[in-house]
file upload33.pdb (PDB, C-alpha atoms)
ATOM      1  CA  GLU A 675      -5.052 241.959 -26.772
ATOM      2  CA  LYS A 676      -8.231 242.114 -24.685
ATOM      3  CA  VAL A 677     -11.245 239.979 -25.519
ATOM      4  CA  LEU A 678     -14.697 239.580 -23.996
ATOM      5  CA  LEU A 679     -15.490 236.184 -22.452
ATOM      6  CA  LYS A 680     -19.154 235.570 -21.680
ATOM      7  CA  LYS A 681     -20.278 232.386 -19.919
ATOM      8  CA  CYS A 682     -23.746 230.965 -19.424
ATOM      9  CA  LEU A 683     -24.454 230.375 -15.719
ATOM     10  CA  PHE A 684     -28.040 229.196 -16.122
ATOM     11  CA  ASP A 685     -29.099 225.660 -15.272
ATOM     12  CA  SER A 686     -29.885 223.689 -18.419
ATOM     13  CA  GLN A 687     -32.675 221.708 -16.742
ATOM     14  CA  ASN A 688     -34.517 224.409 -14.792
ATOM     15  CA  GLU A 689     -33.728 227.387 -17.002
ATOM     16  CA  ALA A 690     -33.738 225.825 -20.446
ATOM     17  CA  ASP A 691     -35.264 228.898 -22.129
ATOM     18  CA  LYS A 692     -32.477 231.146 -20.844
ATOM     19  CA  VAL A 693     -29.819 228.675 -21.926
ATOM     20  CA  HIS A 694     -31.414 228.576 -25.372
ATOM     21  CA  LEU A 695     -31.258 232.396 -25.566
ATOM     22  CA  PHE A 696     -27.572 232.337 -24.618
ATOM     23  CA  VAL A 697     -26.707 229.736 -27.235
ATOM     24  CA  ASN A 698     -28.654 231.755 -29.787
ATOM     25  CA  GLU A 699     -26.741 234.897 -28.772
ATOM     26  CA  SER A 700     -23.440 233.045 -29.138
ATOM     27  CA  GLU A 701     -24.257 231.867 -32.637
ATOM     28  CA  LEU A 702     -25.552 235.239 -33.844
ATOM     29  CA  THR A 703     -22.625 237.149 -32.309
ATOM     30  CA  CYS A 704     -20.142 234.997 -34.193
ATOM     31  CA  ARG A 705     -21.707 235.729 -37.563
ATOM     32  CA  LYS A 706     -19.381 238.757 -37.866
ATOM     33  CA  CYS A 707     -22.082 240.982 -39.314
ATOM     34  CA  GLY A 708     -19.980 244.114 -39.828
ATOM     35  CA  PRO A 709     -17.960 246.941 -38.224
ATOM     36  CA  ASN A 710     -20.953 248.393 -36.364
ATOM     37  CA  VAL A 711     -21.980 245.109 -34.713
ATOM     38  CA  ILE A 712     -20.205 243.133 -31.984
ATOM     39  CA  HIS A 713     -17.650 240.800 -33.525
ATOM     40  CA  GLY A 714     -17.691 237.273 -32.111
ATOM     41  CA  ILE A 715     -14.539 235.190 -32.313
ATOM     42  CA  CYS A 716     -15.715 231.720 -31.275
ATOM     43  CA  TYR A 717     -18.276 229.868 -29.171
ATOM     44  CA  GLY A 718     -18.760 226.447 -27.670
ATOM     45  CA  ASN A 719     -19.005 224.588 -24.331
ATOM     46  CA  ASP A 720     -16.455 224.511 -21.517
ATOM     47  CA  ASP A 721     -15.265 221.351 -19.739
ATOM     48  CA  ALA A 722     -18.359 221.424 -17.534
ATOM     49  CA  GLY A 723     -20.629 221.598 -20.560
ATOM     50  CA  LYS A 724     -21.536 225.261 -19.978
ATOM     51  CA  PRO A 725     -21.949 227.387 -23.133
ATOM     52  CA  PHE A 726     -19.634 230.353 -23.651
ATOM     53  CA  PHE A 727     -18.484 232.709 -26.364
ATOM     54  CA  ILE A 728     -15.535 235.019 -26.932
ATOM     55  CA  ALA A 729     -15.927 238.347 -28.681
ATOM     56  CA  GLU A 730     -13.874 241.409 -29.492
ATOM     57  CA  PHE A 731     -13.437 243.871 -26.621
ATOM     58  CA  TYR A 732     -14.128 247.529 -27.464
ATOM     59  CA  GLU A 733     -12.348 250.418 -25.798
ATOM     60  CA  GLY A 734     -14.791 253.248 -25.249
ATOM     61  CA  GLU A 735     -17.966 254.206 -23.384
ATOM     62  CA  THR A 736     -21.540 253.066 -23.669
ATOM     63  CA  LEU A 737     -23.894 255.509 -25.307
ATOM     64  CA  GLU A 738     -25.885 255.317 -22.080
ATOM     65  CA  LYS A 739     -22.976 256.830 -20.167
ATOM     66  CA  LYS A 740     -22.425 259.556 -22.763
ATOM     67  CA  ILE A 741     -26.111 260.467 -22.588
ATOM     68  CA  GLU A 742     -25.809 260.716 -18.795
ATOM     69  CA  TRP A 743     -22.963 263.155 -19.362
ATOM     70  CA  GLN A 744     -25.217 265.102 -21.794
ATOM     71  CA  ASP A 745     -22.531 264.802 -24.456
ATOM     72  CA  TYR A 746     -25.020 265.256 -27.293
ATOM     73  CA  VAL A 747     -27.695 267.616 -25.953
ATOM     74  CA  GLY A 748     -28.339 270.174 -28.680
ATOM     75  CA  LYS A 749     -25.498 268.776 -30.817
ATOM     76  CA  TYR A 750     -27.524 267.827 -33.861
ATOM     77  CA  SER A 751     -24.701 266.922 -36.244
ATOM     78  CA  GLU A 752     -22.758 264.865 -33.706
ATOM     79  CA  ALA A 753     -25.823 262.973 -32.487
ATOM     80  CA  ALA A 754     -27.107 262.321 -36.002
ATOM     81  CA  ASN A 755     -23.740 260.999 -37.156
ATOM     82  CA  VAL A 756     -23.714 258.513 -34.280
ATOM     83  CA  VAL A 757     -27.219 257.379 -35.238
ATOM     84  CA  LEU A 758     -26.121 256.960 -38.857
ATOM     85  CA  GLY A 759     -23.569 254.452 -37.574
ATOM     86  CA  ILE A 760     -26.260 252.691 -35.529
ATOM     87  CA  LEU A 761     -28.408 252.441 -38.649
ATOM     88  CA  ASP A 762     -25.410 250.993 -40.495
ATOM     89  CA  GLY A 763     -25.284 248.368 -37.745
ATOM     90  CA  LEU A 764     -28.962 247.552 -38.210
ATOM     91  CA  MET A 765     -28.396 247.159 -41.949
ATOM     92  CA  GLN A 766     -25.489 244.809 -41.238
ATOM     93  CA  LEU A 767     -27.706 242.774 -38.925
ATOM     94  CA  LYS A 768     -30.464 242.632 -41.527
ATOM     95  CA  ASN A 769     -28.003 241.380 -44.128
ATOM     96  CA  HIS A 770     -27.618 238.365 -41.847
ATOM     97  CA  GLY A 771     -31.355 238.069 -41.168
ATOM     98  CA  ILE A 772     -31.154 239.344 -37.579
ATOM     99  CA  VAL A 773     -33.536 241.585 -35.614
ATOM    100  CA  HIS A 774     -31.923 243.004 -32.436
ATOM    101  CA  ARG A 775     -35.096 243.550 -30.328
ATOM    102  CA  ASP A 776     -33.303 245.277 -27.425
ATOM    103  CA  LEU A 777     -31.650 248.304 -28.979
ATOM    104  CA  LYS A 778     -30.875 250.913 -26.304
ATOM    105  CA  PRO A 779     -27.958 253.172 -25.287
ATOM    106  CA  ALA A 780     -26.610 250.563 -22.834
ATOM    107  CA  ASN A 781     -26.231 248.155 -25.763
ATOM    108  CA  ILE A 782     -24.209 250.553 -27.913
ATOM    109  CA  ILE A 783     -20.495 251.176 -27.416
ATOM    110  CA  ILE A 784     -18.970 254.399 -28.745
ATOM    111  CA  LYS A 785     -15.388 253.499 -29.592
ATOM    112  CA  LYS A 786     -12.575 255.966 -29.018
ATOM    113  CA  ASP A 787     -12.660 256.915 -32.705
ATOM    114  CA  GLY A 788     -16.395 257.703 -32.407
ATOM    115  CA  THR A 789     -17.659 254.583 -34.182
ATOM    116  CA  PRO A 790     -20.827 253.133 -32.628
ATOM    117  CA  VAL A 791     -20.971 249.360 -32.174
ATOM    118  CA  ILE A 792     -24.193 247.497 -31.388
ATOM    119  CA  ILE A 793     -23.584 244.857 -28.718
ATOM    120  CA  ASP A 794     -25.561 242.339 -26.654
ATOM    121  CA  LEU A 795     -27.523 240.131 -29.020
ATOM    122  CA  GLY A 796     -29.117 238.342 -26.072
ATOM    123  CA  PHE A 797     -32.658 239.018 -27.285
ATOM    124  CA  ALA A 798     -31.834 239.073 -30.985
ATOM    125  CA  CYS A 799     -33.397 236.556 -33.309
ATOM    126  CA  LYS A 800     -33.512 235.427 -36.894
ATOM    127  CA  ASP A 801     -36.188 237.043 -39.022
ATOM    128  CA  THR A 802     -38.338 233.921 -39.352
ATOM    129  CA  TYR A 803     -41.943 234.126 -38.220
ATOM    130  CA  GLU A 804     -41.417 231.566 -35.443
ATOM    131  CA  ASP A 805     -38.542 233.518 -33.894
ATOM    132  CA  LEU A 806     -40.153 236.932 -34.232
ATOM    133  CA  ALA A 807     -43.439 235.808 -32.732
ATOM    134  CA  GLY A 808     -41.925 234.406 -29.534
ATOM    135  CA  LEU A 809     -41.070 235.905 -26.150
ATOM    136  CA  SER A 810     -43.810 238.442 -25.528
ATOM    137  CA  LYS A 811     -42.932 241.761 -23.916
ATOM    138  CA  ILE A 812     -39.306 241.424 -24.904
ATOM    139  CA  GLY A 813     -37.014 244.453 -24.849
ATOM    140  CA  THR A 814     -36.468 247.361 -22.482
ATOM    141  CA  LYS A 815     -39.324 249.650 -21.457
ATOM    142  CA  GLY A 816     -38.816 253.143 -22.800
ATOM    143  CA  TYR A 817     -37.006 251.910 -25.919
ATOM    144  CA  ALA A 818     -38.994 248.865 -27.015
ATOM    145  CA  ALA A 819     -41.692 249.479 -29.613
ATOM    146  CA  PRO A 820     -45.368 249.272 -28.579
ATOM    147  CA  GLU A 821     -45.853 245.952 -30.356
ATOM    148  CA  GLN A 822     -43.038 244.456 -28.262
ATOM    149  CA  MET A 823     -44.507 245.691 -24.987
ATOM    150  CA  ASN A 824     -47.955 244.445 -25.998
ATOM    151  CA  GLY A 825     -46.737 240.924 -26.735
ATOM    152  CA  GLY A 826     -46.986 241.354 -30.498
ATOM    153  CA  ARG A 827     -44.646 240.304 -33.287
ATOM    154  CA  SER A 828     -41.253 242.031 -33.429
ATOM    155  CA  SER A 829     -39.771 243.140 -36.740
ATOM    156  CA  TYR A 830     -37.015 245.277 -38.204
ATOM    157  CA  SER A 831     -39.435 248.153 -37.670
ATOM    158  CA  SER A 832     -39.233 247.536 -33.920
ATOM    159  CA  ASP A 833     -35.520 248.381 -34.020
ATOM    160  CA  ILE A 834     -36.306 251.535 -36.046
ATOM    161  CA  TYR A 835     -38.599 252.692 -33.231
ATOM    162  CA  ALA A 836     -35.730 252.351 -30.749
ATOM    163  CA  VAL A 837     -33.459 254.402 -33.024
ATOM    164  CA  GLY A 838     -35.897 257.317 -32.876
ATOM    165  CA  ILE A 839     -36.101 257.169 -29.086
ATOM    166  CA  ILE A 840     -32.302 257.008 -28.806
ATOM    167  CA  LEU A 841     -31.761 260.086 -30.994
ATOM    168  CA  LEU A 842     -34.458 261.966 -29.099
ATOM    169  CA  GLU A 843     -32.812 261.160 -25.774
ATOM    170  CA  MET A 844     -29.386 262.139 -27.074
ATOM    171  CA  LEU A 845     -30.614 265.574 -28.136
ATOM    172  CA  THR A 846     -33.046 266.397 -25.336
ATOM    173  CA  GLY A 847     -32.234 264.102 -22.419
ATOM    174  CA  SER A 848     -35.823 262.816 -22.569
ATOM    175  CA  ARG A 849     -37.480 259.721 -24.042
ATOM    176  CA  GLU A 850     -40.913 261.373 -24.163
ATOM    177  CA  ILE A 851     -41.885 261.614 -27.823
ATOM    178  CA  SER A 852     -43.552 264.983 -27.150
ATOM    179  CA  SER A 853     -40.061 266.349 -26.459
ATOM    180  CA  ALA A 854     -39.367 266.211 -30.213
ATOM    181  CA  LYS A 855     -41.446 269.363 -30.617
ATOM    182  CA  LYS A 856     -38.631 271.302 -28.911
ATOM    183  CA  LEU A 857     -36.122 270.442 -31.641
ATOM    184  CA  VAL A 858     -35.264 273.335 -33.935
ATOM    185  CA  VAL A 859     -34.173 271.213 -36.908
ATOM    186  CA  ASP A 860     -37.306 270.211 -38.779
ATOM    187  CA  GLY A 861     -35.679 267.287 -40.575
ATOM    188  CA  ILE A 862     -34.413 265.755 -37.337
ATOM    189  CA  ARG A 863     -37.775 266.228 -35.651
ATOM    190  CA  ASP A 864     -39.585 264.658 -38.609
ATOM    191  CA  PHE A 865     -37.119 261.744 -38.596
ATOM    192  CA  ILE A 866     -37.742 261.001 -34.920
ATOM    193  CA  GLU A 867     -41.506 261.270 -35.231
ATOM    194  CA  LYS A 868     -41.483 258.925 -38.236
ATOM    195  CA  CYS A 869     -39.361 256.367 -36.387
ATOM    196  CA  CYS A 870     -41.615 256.499 -33.338
ATOM    197  CA  GLN A 871     -44.985 255.968 -34.973
ATOM    198  CA  GLU A 872     -47.111 253.618 -32.881
ATOM    199  CA  ASN A 873     -48.160 251.621 -35.948
ATOM    200  CA  PRO A 874     -45.117 249.760 -37.356
ATOM    201  CA  ASP A 875     -46.473 250.202 -40.892
ATOM    202  CA  ASN A 876     -46.130 253.977 -40.558
ATOM    203  CA  ARG A 877     -42.420 253.903 -39.665
ATOM    204  CA  PHE A 878     -39.527 253.773 -42.101
ATOM    205  CA  LEU A 879     -39.634 250.551 -44.071
ATOM    206  CA  SER A 880     -35.973 249.807 -43.401
ATOM    207  CA  ALA A 881     -32.814 251.087 -41.763
ATOM    208  CA  ARG A 882     -31.593 252.015 -45.235
ATOM    209  CA  GLU A 883     -34.603 254.273 -45.834
ATOM    210  CA  ALA A 884     -34.199 255.803 -42.360
ATOM    211  CA  ARG A 885     -30.521 256.468 -43.036
ATOM    212  CA  ALA A 886     -31.286 258.279 -46.280
ATOM    213  CA  LYS A 887     -33.813 260.499 -44.472
ATOM    214  CA  LEU A 888     -31.372 261.327 -41.692
ATOM    215  CA  GLU A 889     -28.580 262.114 -44.143
ATOM    216  CA  TYR A 890     -30.926 264.529 -45.908
ATOM    217  CA  ALA A 891     -31.775 266.190 -42.582
ATOM    218  CA  LEU A 892     -28.063 266.621 -41.849
ATOM    219  CA  LYS A 893     -27.658 268.690 -44.991
ATOM    220  CA  SER A 894     -30.095 271.282 -43.637
ATOM    221  CA  ILE A 895     -28.047 271.588 -40.451
ATOM    222  CA  SER A 896     -25.013 272.739 -42.452
ATOM    223  CA  LYS A 897     -26.842 275.846 -43.696
ATOM    224  CA  PRO A 898     -25.466 279.012 -42.015
ATOM    225  CA  GLU A 899     -28.856 280.283 -40.904
ATOM    226  CA  LYS A 900     -29.658 276.952 -39.247
ATOM    227  CA  GLN A 901     -26.281 276.923 -37.500
ATOM    228  CA  GLN A 902     -27.133 280.349 -36.093
ATOM    229  CA  GLU A 903     -30.499 279.176 -34.826
ATOM    230  CA  ILE A 904     -28.996 276.094 -33.218
ATOM    231  CA  ALA A 905     -26.267 278.161 -31.580
ATOM    232  CA  LEU A 906     -28.816 280.609 -30.207
ATOM    233  CA  MET A 907     -31.070 277.938 -28.729
ATOM    234  CA  ARG A 908     -28.404 275.562 -27.485
ATOM    235  CA  TYR A 909     -27.745 276.723 -23.962
ATOM    236  CA  GLY A 910     -30.261 277.884 -21.416
ATOM    237  CA  ALA A 911     -27.695 280.364 -20.113
ATOM    238  CA  ILE A 912     -28.483 282.765 -22.953
ATOM    239  CA  ALA A 913     -32.252 282.301 -22.807
ATOM    240  CA  PRO A 914     -32.814 285.647 -21.005
ATOM    241  CA  LEU A 915     -30.988 287.450 -23.794
ATOM    242  CA  ILE A 916     -33.034 285.675 -26.444
ATOM    243  CA  ALA A 917     -36.207 286.635 -24.595
ATOM    244  CA  GLY A 918     -35.196 290.301 -24.984
ATOM    245  CA  LEU A 919     -34.400 289.985 -28.661
ATOM    246  CA  ASP A 920     -37.287 292.060 -29.973
ATOM    247  CA  GLU A 921     -36.372 294.941 -27.728
ATOM    248  CA  ASN A 922     -32.625 295.009 -28.332
ATOM    249  CA  TYR A 923     -32.042 293.490 -31.765
ATOM    250  CA  PRO A 924     -33.974 293.615 -35.049
ATOM    251  CA  SER A 925     -33.441 289.886 -35.691
ATOM    252  CA  LYS A 926     -31.846 286.678 -34.471
ATOM    253  CA  THR A 927     -29.105 287.207 -37.049
ATOM    254  CA  ALA A 928     -28.256 290.563 -35.494
ATOM    255  CA  PHE A 929     -28.159 288.959 -32.056
ATOM    256  CA  TYR A 930     -25.942 286.159 -33.336
ATOM    257  CA  THR A 931     -23.582 288.719 -34.864
ATOM    258  CA  GLU A 932     -23.439 290.600 -31.571
ATOM    259  CA  ILE A 933     -22.512 287.573 -29.466
ATOM    260  CA  SER A 934     -20.041 286.460 -32.148
ATOM    261  CA  ASN A 935     -18.308 289.828 -31.919
ATOM    262  CA  LYS A 936     -18.043 289.352 -28.166
ATOM    263  CA  GLY A 937     -16.234 286.043 -28.660
ATOM    264  CA  LEU A 938     -19.080 283.934 -27.319
ATOM    265  CA  VAL A 939     -19.357 281.792 -30.455
ATOM    266  CA  GLY A 940     -16.603 279.368 -31.429
ATOM    267  CA  PRO A 941     -15.307 278.780 -34.952
ATOM    268  CA  ASP A 942     -17.685 275.828 -35.240
ATOM    269  CA  GLY A 943     -20.684 278.131 -34.831
ATOM    270  CA  ARG A 944     -21.555 277.023 -31.308
ATOM    271  CA  VAL A 945     -22.198 279.146 -28.251
ATOM    272  CA  HIS A 946     -19.548 277.919 -25.818
ATOM    273  CA  HIS A 947     -20.114 280.157 -22.825
ATOM    274  CA  TYR A 948     -21.754 283.323 -21.669
TER     275      TYR A 948
END
call {"tool": "encode", "arguments": {"input": "upload33.pdb", "output": "structure tokens"}}
result
Amino acid sequence: EKVLLKKCLFDSQNEADKVHLFVNESELTCRKCGPNVIHGICYGNDDAGKPFFIAEFYEGETLEKKIEWQDYVGKYSEAANVVLGILDGLMQLKNHGIVHRDLKPANIIIKKDGTPVIIDLGFACKDTYEDLAGLSKIGTKGYAAPEQMNGGRSSYSSDIYAVGIILLEMLTGSREISSAKKLVVDGIRDFIEKCCQENPDNRFLSAREARAKLEYALKSISKPEKQQEIALMRYGAIAPLIAGLDENYPSKTAFYTEISNKGLVGPDGRVHHY
């Protein structure tokens, strides 16, 4: 059975802060927070006194790689279900008093069964004021919340901000918040915009609240008329036909029926080719 072995190569005298972060990561990883968070097996020091930890190894791909492959562009249900699992992971971390602080696609593994697992707790910390106030400008630009980039105090809300950016990038390929306006599912767009509020107080209060909102948005996606709209807008290849809708068809429904009759829509309601 494969495992992950991670060793600290920093010098304890000249790079004490980095060694401290590694030891902190080791301890937090081995808390065994839940199925959507990296599962540490043990940690300690090797014969040379260097810290290390061993964790479960996950077969799968990083979410970063799947985004590069555009696996989720326009796939609202699939992307949202992945994010629900990420939110489960954040709830599991919170149950152990942990804020991740560097949530991004590269730090999420999608297992072969589709389960997302949050990894790399290198910048994570306990939710005490002293921990949350330290290390200014921590996180990854493009995913880190404004308060993190401005040297402010991180919080659970900072991780919520990253969730919104991740879902936006999955669906559109862009991390620009203005890209959310292109989304045809109102509930998903509203979810992302709420997550990505500049003021932490205006975001969801918790991962649990965010999850409930996203689950509600998913229900709207299952409506037949919304499935039709998503199918119509999904691929740029049929954009010229949509542009001529008014001239050739009385409604989007009529157009959808036409392309369905031509075998261009699969049984799942998606436009597969043209």
call {"tool": "resolve_selection", "arguments": {"input": "upload33.pdb", "expression": "the PyMOL selection byres ((chain A and resi 758-762) around 8)", "output": "list of chain:residue names"}}
result
A:Asn710, A:Ala754, A:Asn755, A:Val756, A:Val757, A:Gly763, A:Leu764, A:Met765, A:Gln766, A:Thr789, A:Pro790, A:Val791, A:Ile792, A:Val837, A:Ala881, A:Arg882, A:Ala884, A:Arg885, A:Leu888, A:Glu889
call {"tool": "closest_residue", "arguments": {"input": "upload33.pdb", "among": "A:Glu689, A:Glu883, A:Asp776, A:Asp794", "to": "Val711 in chain A", "atoms": "only C-alpha atoms"}}
result
A:Asp794
call {"tool": "residues_around", "arguments": {"input": "upload33.pdb", "residues": "Ala722 in chain A", "least_positions_apart": "3", "cutoff": "12 Å", "atoms": "only C-alpha atoms", "output": "list in words"}}
result
Lys681, Cys682, Leu683, Asp685, Ser686, Gly718, Asn719, Pro725 and Phe726 of chain A
call {"tool": "atom_distance", "arguments": {"input": "upload33.pdb", "atom1": "CA of Lys785 in chain A", "atom2": "CA of Lys680 in chain A"}}
result
20.0 Å
call {"tool": "closest_residue", "arguments": {"input": "upload33.pdb", "among": "A:Phe797, A:Ser751, A:Lys811, A:Glu821", "to": "Gly861 in chain A", "atoms": "only C-alpha atoms"}}
result
A:Ser751
call {"tool": "closest_residue", "arguments": {"input": "upload33.pdb", "among": "A:Ile782, A:Ala798, A:Ile793, A:Ile812", "to": "Asn698 in chain A", "atoms": "all atoms listed in the file"}}
result
A:Ala798
call {"tool": "atom_distance", "arguments": {"input": "upload33.pdb", "atom1": "CA of Gly847 in chain A", "atom2": "CA of Ile895 in chain A"}}
result
20.0 Å
call {"tool": "residues_around", "arguments": {"input": "upload33.pdb", "residues": "Ala854 in chain A", "least_positions_apart": "3", "cutoff": "10 Å", "atoms": "all atoms listed in the file", "output": "JSON, numbers by chain"}}
result
{"A": [838, 839, 841, 842, 843, 845, 846, 848, 849, 850, 851, 857, 858, 859, 860, 862, 863, 864, 865, 866, 867]}
call {"tool": "atom_distance", "arguments": {"input": "upload33.pdb", "atom1": "CA of His774 in chain A", "atom2": "CA of Lys749 in chain A"}}
result
26.6 Å
call {"tool": "resolve_selection", "arguments": {"input": "upload33.pdb", "expression": "the PyMOL selection byres ((chain A and resi 873) around 12)", "output": "ChimeraX atom specification"}}
result
/A:819-822,826,829,831-832,834-835,867-872,874-879
call {"tool": "build_atoms", "arguments": {"input": "upload33.pdb", "residues": "range 681-699 of chain A", "atoms": "N, CA and C atoms", "output": "PDB file, in the frame of the given file"}}
result
ATOM      1  N   LYS A 681     -19.884 233.748 -20.240  1.00  0.00           N
ATOM      2  CA  LYS A 681     -20.278 232.386 -19.919  1.00  0.00           C
ATOM      3  C   LYS A 681     -21.746 232.319 -19.525  1.00  0.00           C
ATOM      4  N   CYS A 682     -22.361 231.202 -19.818  1.00  0.00           N
ATOM      5  CA  CYS A 682     -23.746 230.965 -19.424  1.00  0.00           C
ATOM      6  C   CYS A 682     -23.756 230.287 -18.053  1.00  0.00           C
ATOM      7  N   LEU A 683     -24.407 230.909 -17.073  1.00  0.00           N
ATOM      8  CA  LEU A 683     -24.454 230.375 -15.719  1.00  0.00           C
ATOM      9  C   LEU A 683     -25.811 229.775 -15.376  1.00  0.00           C
ATOM     10  N   PHE A 684     -26.705 229.738 -16.363  1.00  0.00           N
ATOM     11  CA  PHE A 684     -28.040 229.196 -16.122  1.00  0.00           C
ATOM     12  C   PHE A 684     -28.015 227.669 -16.092  1.00  0.00           C
ATOM     13  N   ASP A 685     -28.969 227.106 -15.379  1.00  0.00           N
ATOM     14  CA  ASP A 685     -29.099 225.660 -15.272  1.00  0.00           C
ATOM     15  C   ASP A 685     -29.868 225.122 -16.477  1.00  0.00           C
ATOM     16  N   SER A 686     -29.289 224.182 -17.174  1.00  0.00           N
ATOM     17  CA  SER A 686     -29.885 223.689 -18.419  1.00  0.00           C
ATOM     18  C   SER A 686     -31.202 222.960 -18.200  1.00  0.00           C
ATOM     19  N   GLN A 687     -31.435 222.432 -17.002  1.00  0.00           N
ATOM     20  CA  GLN A 687     -32.675 221.708 -16.742  1.00  0.00           C
ATOM     21  C   GLN A 687     -33.793 222.635 -16.283  1.00  0.00           C
ATOM     22  N   ASN A 688     -33.483 223.534 -15.361  1.00  0.00           N
ATOM     23  CA  ASN A 688     -34.517 224.409 -14.792  1.00  0.00           C
ATOM     24  C   ASN A 688     -34.668 225.741 -15.512  1.00  0.00           C
ATOM     25  N   GLU A 689     -33.686 226.099 -16.297  1.00  0.00           N
ATOM     26  CA  GLU A 689     -33.728 227.387 -17.002  1.00  0.00           C
ATOM     27  C   GLU A 689     -33.389 227.186 -18.477  1.00  0.00           C
ATOM     28  N   ALA A 690     -34.038 226.213 -19.063  1.00  0.00           N
ATOM     29  CA  ALA A 690     -33.738 225.825 -20.446  1.00  0.00           C
ATOM     30  C   ALA A 690     -33.949 226.966 -21.431  1.00  0.00           C
ATOM     31  N   ASP A 691     -34.990 227.784 -21.216  1.00  0.00           N
ATOM     32  CA  ASP A 691     -35.264 228.898 -22.129  1.00  0.00           C
ATOM     33  C   ASP A 691     -34.117 229.903 -22.133  1.00  0.00           C
ATOM     34  N   LYS A 692     -33.571 230.182 -20.957  1.00  0.00           N
ATOM     35  CA  LYS A 692     -32.477 231.146 -20.844  1.00  0.00           C
ATOM     36  C   LYS A 692     -31.194 230.591 -21.469  1.00  0.00           C
ATOM     37  N   VAL A 693     -30.982 229.304 -21.296  1.00  0.00           N
ATOM     38  CA  VAL A 693     -29.819 228.675 -21.926  1.00  0.00           C
ATOM     39  C   VAL A 693     -29.954 228.740 -23.442  1.00  0.00           C
ATOM     40  N   HIS A 694     -31.162 228.505 -23.936  1.00  0.00           N
ATOM     41  CA  HIS A 694     -31.414 228.576 -25.372  1.00  0.00           C
ATOM     42  C   HIS A 694     -31.115 229.983 -25.899  1.00  0.00           C
ATOM     43  N   LEU A 695     -31.536 231.014 -25.159  1.00  0.00           N
ATOM     44  CA  LEU A 695     -31.258 232.396 -25.566  1.00  0.00           C
ATOM     45  C   LEU A 695     -29.756 232.644 -25.628  1.00  0.00           C
ATOM     46  N   PHE A 696     -29.023 232.125 -24.651  1.00  0.00           N
ATOM     47  CA  PHE A 696     -27.572 232.337 -24.618  1.00  0.00           C
ATOM     48  C   PHE A 696     -26.901 231.667 -25.815  1.00  0.00           C
ATOM     49  N   VAL A 697     -27.286 230.454 -26.097  1.00  0.00           N
ATOM     50  CA  VAL A 697     -26.707 229.736 -27.235  1.00  0.00           C
ATOM     51  C   VAL A 697     -27.028 230.477 -28.534  1.00  0.00           C
ATOM     52  N   ASN A 698     -28.251 230.980 -28.617  1.00  0.00           N
ATOM     53  CA  ASN A 698     -28.654 231.755 -29.787  1.00  0.00           C
ATOM     54  C   ASN A 698     -27.799 233.015 -29.912  1.00  0.00           C
ATOM     55  N   GLU A 699     -27.586 233.704 -28.773  1.00  0.00           N
ATOM     56  CA  GLU A 699     -26.741 234.897 -28.772  1.00  0.00           C
ATOM     57  C   GLU A 699     -25.329 234.570 -29.238  1.00  0.00           C
TER      58      GLU A 699
END
